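Engineer: One structure follows; several queries about it will come next.
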Amino acid sequence: MACGVVLGESWSGALADQVQYVSDGVGTADLMKNGSGGVTLFAFDVGQSLPESTAPFDAMVTVLEGQAEVTVEGEKHCVKAGEAVLIPSHRPHALSAPERVKIALTLLRAS
């Protein structure tokens, strides 16, 4: 998705402007990726979700606009714009969008 961000080049601006909503879907934009992790933006339409999974990365979900429900090891967190949830590596987690929501997902490889 060409929103102005090119992997490996510097940029500045509002994170929420770098990813677009997709009707009945999930828009994505990679800001950076390397062997140690990355930052990916997601724009979830109402009712969209990411199913429960685990990852070998520590993760931080930061809500940029709207509100998300993030479940970590069975505990549900209602997270709104400006808030974040930390998810330790190898812990089951899921995300659902009761309303349109944009998030930044930061992944760092666990030691």
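Scheme for the structure tokens: letters A, B, ... for chains in order shown; per-chain residue numbers from 1; ligand numbers from 1 in order shown.
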For range 13-23 of chain A, find every residue with an atom within 10 Å (counting only C-alpha atoms), except residues of its own chain fewer than 3 positions away, and show them as a compact mmCIF listing (two decimals) with N, CA and C atoms, in the first residue's frame.
Structural biologist:
# COMPACT_ATOMS: atom_id res chain seq x y z
N MET A 1 0.85 -1.17 0.00
CA MET A 1 0.00 0.00 0.00
C MET A 1 0.89 1.23 0.00
N ALA A 2 0.75 2.10 -0.94
CA ALA A 2 1.58 3.30 -1.04
C ALA A 2 0.93 4.46 -0.30
N CYS A 3 1.30 4.61 0.96
CA CYS A 3 0.77 5.71 1.77
C CYS A 3 1.87 6.71 2.09
N GLY A 4 2.98 6.65 1.41
CA GLY A 4 4.06 7.59 1.66
C GLY A 4 5.23 6.98 2.40
N VAL A 5 5.06 5.82 3.02
CA VAL A 5 6.15 5.19 3.76
C VAL A 5 6.85 4.19 2.85
N VAL A 26 -9.28 -5.66 6.59
CA VAL A 26 -8.20 -5.10 7.40
C VAL A 26 -7.13 -4.54 6.47
N GLY A 27 -6.87 -3.24 6.58
CA GLY A 27 -5.78 -2.62 5.83
C GLY A 27 -4.49 -2.74 6.61
N THR A 28 -3.35 -2.89 5.92
CA THR A 28 -2.07 -2.99 6.59
C THR A 28 -1.01 -2.14 5.89
N ALA A 29 -0.01 -1.74 6.67
CA ALA A 29 1.14 -1.02 6.12
C ALA A 29 2.33 -1.32 7.01
N ASP A 30 3.42 -1.83 6.41
CA ASP A 30 4.65 -2.08 7.16
C ASP A 30 5.46 -0.80 7.22
N LEU A 31 5.84 -0.40 8.44
CA LEU A 31 6.70 0.77 8.60
C LEU A 31 8.17 0.38 8.61
N THR A 40 4.12 -2.68 12.24
CA THR A 40 3.09 -2.78 11.21
C THR A 40 1.86 -2.05 11.69
N LEU A 41 1.24 -1.29 10.79
CA LEU A 41 -0.01 -0.59 11.08
C LEU A 41 -1.16 -1.41 10.54
N PHE A 42 -2.26 -1.42 11.27
CA PHE A 42 -3.48 -2.12 10.86
C PHE A 42 -4.65 -1.17 10.98
N ALA A 43 -5.60 -1.27 10.04
CA ALA A 43 -6.86 -0.53 10.10
C ALA A 43 -7.97 -1.56 9.98
N PHE A 44 -8.65 -1.84 11.09
CA PHE A 44 -9.70 -2.85 11.14
C PHE A 44 -11.06 -2.21 10.93
N ASP A 45 -11.85 -2.74 10.01
CA ASP A 45 -13.23 -2.31 9.87
C ASP A 45 -14.02 -2.94 11.02
N VAL A 46 -15.21 -2.42 11.28
CA VAL A 46 -16.06 -2.92 12.36
C VAL A 46 -16.26 -4.43 12.24
N VAL A 63 -3.14 1.66 20.22
CA VAL A 63 -4.32 2.09 19.48
C VAL A 63 -4.13 3.54 19.05
N LEU A 64 -4.26 3.76 17.74
CA LEU A 64 -4.07 5.10 17.17
C LEU A 64 -5.37 5.87 17.06
N GLU A 65 -6.45 5.16 16.72
CA GLU A 65 -7.78 5.78 16.71
C GLU A 65 -8.81 4.68 16.90
N ARG A 100 -14.49 0.71 14.15
CA ARG A 100 -13.29 0.91 13.32
C ARG A 100 -12.13 1.30 14.23
N VAL A 101 -10.98 0.70 13.98
CA VAL A 101 -9.82 0.99 14.83
C VAL A 101 -8.54 0.87 14.01
N LYS A 102 -7.61 1.77 14.31
CA LYS A 102 -6.27 1.70 13.73
C LYS A 102 -5.28 1.45 14.86
N ILE A 103 -4.36 0.50 14.62
CA ILE A 103 -3.37 0.18 15.63
C ILE A 103 -1.97 0.15 15.02
N ALA A 104 -0.97 0.32 15.87
CA ALA A 104 0.41 0.07 15.51
C ALA A 104 0.85 -1.16 16.31
Engineer: If you count only C-alpha atoms, which residues fall within 8 Å of range 55-62 of chain A, apart from same-chain ones fewer than 5 positions away, as a list in words?
Structural biologist: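 Counting only the stated atoms, we get Gly37, Ala81, Gly82, Glu83, Ala84, Val85, Leu86, Ile87, Pro88, Ser89, His90, Arg91, Ile103, Ala104, Leu105, Thr106, Leu107, Leu108, Arg109 and Ala110 of chain A.
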Engineer: Those residues you just picked out, can you put them in a file as a PDB file, in the first residue's frame with C-alpha atoms?
Structural biologist:
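For reference, result-v8.pdb as written:
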ATOM      1  CA  GLY A  37      11.180  -7.268  14.718  1.00  0.00           C
ATOM      2  CA  ALA A  81      -6.774   5.736  21.273  1.00  0.00           C
ATOM      3  CA  GLY A  82      -3.553   6.704  23.015  1.00  0.00           C
ATOM      4  CA  GLU A  83      -3.407   3.491  25.070  1.00  0.00           C
ATOM      5  CA  ALA A  84      -1.308   0.348  24.622  1.00  0.00           C
ATOM      6  CA  VAL A  85      -1.116  -3.301  25.688  1.00  0.00           C
ATOM      7  CA  LEU A  86       2.128  -5.237  26.143  1.00  0.00           C
ATOM      8  CA  ILE A  87       2.070  -8.908  25.124  1.00  0.00           C
ATOM      9  CA  PRO A  88       4.993 -11.084  26.235  1.00  0.00           C
ATOM     10  CA  SER A  89       6.351 -13.592  23.719  1.00  0.00           C
ATOM     11  CA  HIS A  90       4.738 -17.018  23.425  1.00  0.00           C
ATOM     12  CA  ARG A  91       1.519 -15.883  25.173  1.00  0.00           C
ATOM     13  CA  ILE A 103      -3.368   0.177  15.631  1.00  0.00           C
ATOM     14  CA  ALA A 104       0.414   0.072  15.512  1.00  0.00           C
ATOM     15  CA  LEU A 105       1.856  -3.381  16.262  1.00  0.00           C
ATOM     16  CA  THR A 106       5.487  -3.288  17.406  1.00  0.00           C
ATOM     17  CA  LEU A 107       7.304  -6.640  17.547  1.00  0.00           C
ATOM     18  CA  LEU A 108      10.699  -7.275  19.158  1.00  0.00           C
ATOM     19  CA  ARG A 109      12.319 -10.698  19.058  1.00  0.00           C
ATOM     20  CA  ALA A 110      12.413 -12.164  22.560  1.00  0.00           C
TER      21      ALA A 110
END
Engineer: Please compute the CA of Val70 in chain A-CA of Gly35 in chain A distance, one decimal, in Å.
Structural biologist: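 Distance reported for this atom pair: 25.3 Å.
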Engineer: May I have the residues within 9 Å of Glu73 in chain A as a list in words, using only C-alpha atoms and disregarding those fewer than 2 positions away in the same chain?
Structural biologist: Thr71, Glu75, Lys76, Arg91, Pro92, His93 and Ala94 of chain A
Engineer: As a ChimeraX atom specification, which residues of chain A does DSSP assign to strand (DSSP E)?
Structural biologist: /A:26-34,37-44,49-53,57-72,75-80,84-87,93-96,101-109
Engineer: So how far away is CA of Val79 in chain A from CA of Gly47 in chain A, in Å?
Structural biologist: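 CA of Gly47 in chain A sits 15.4 Å away from CA of Val79 in chain A.
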Engineer: I need the residues of range 12-45 of chain A that end up classed as helix (DSSP H, G or I) by DSSP on the backbone, written out as a ChimeraX atom specification.
Structural biologist: /A:15-18
Engineer: Which of these residues is nearest to Glu69 in chain A, using only C-alpha atoms: A:Asp24, A:Asn34, A:Ser96, A:Ser10?
Structural biologist: A:Ser96
Engineer: Please report the interatomic distance between CA of Gly66 in chain A and CA of Gly25 in chain A in Å with one decimal.
Structural biologist: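 That distance, rounded to one decimal, is 15.7 Å.
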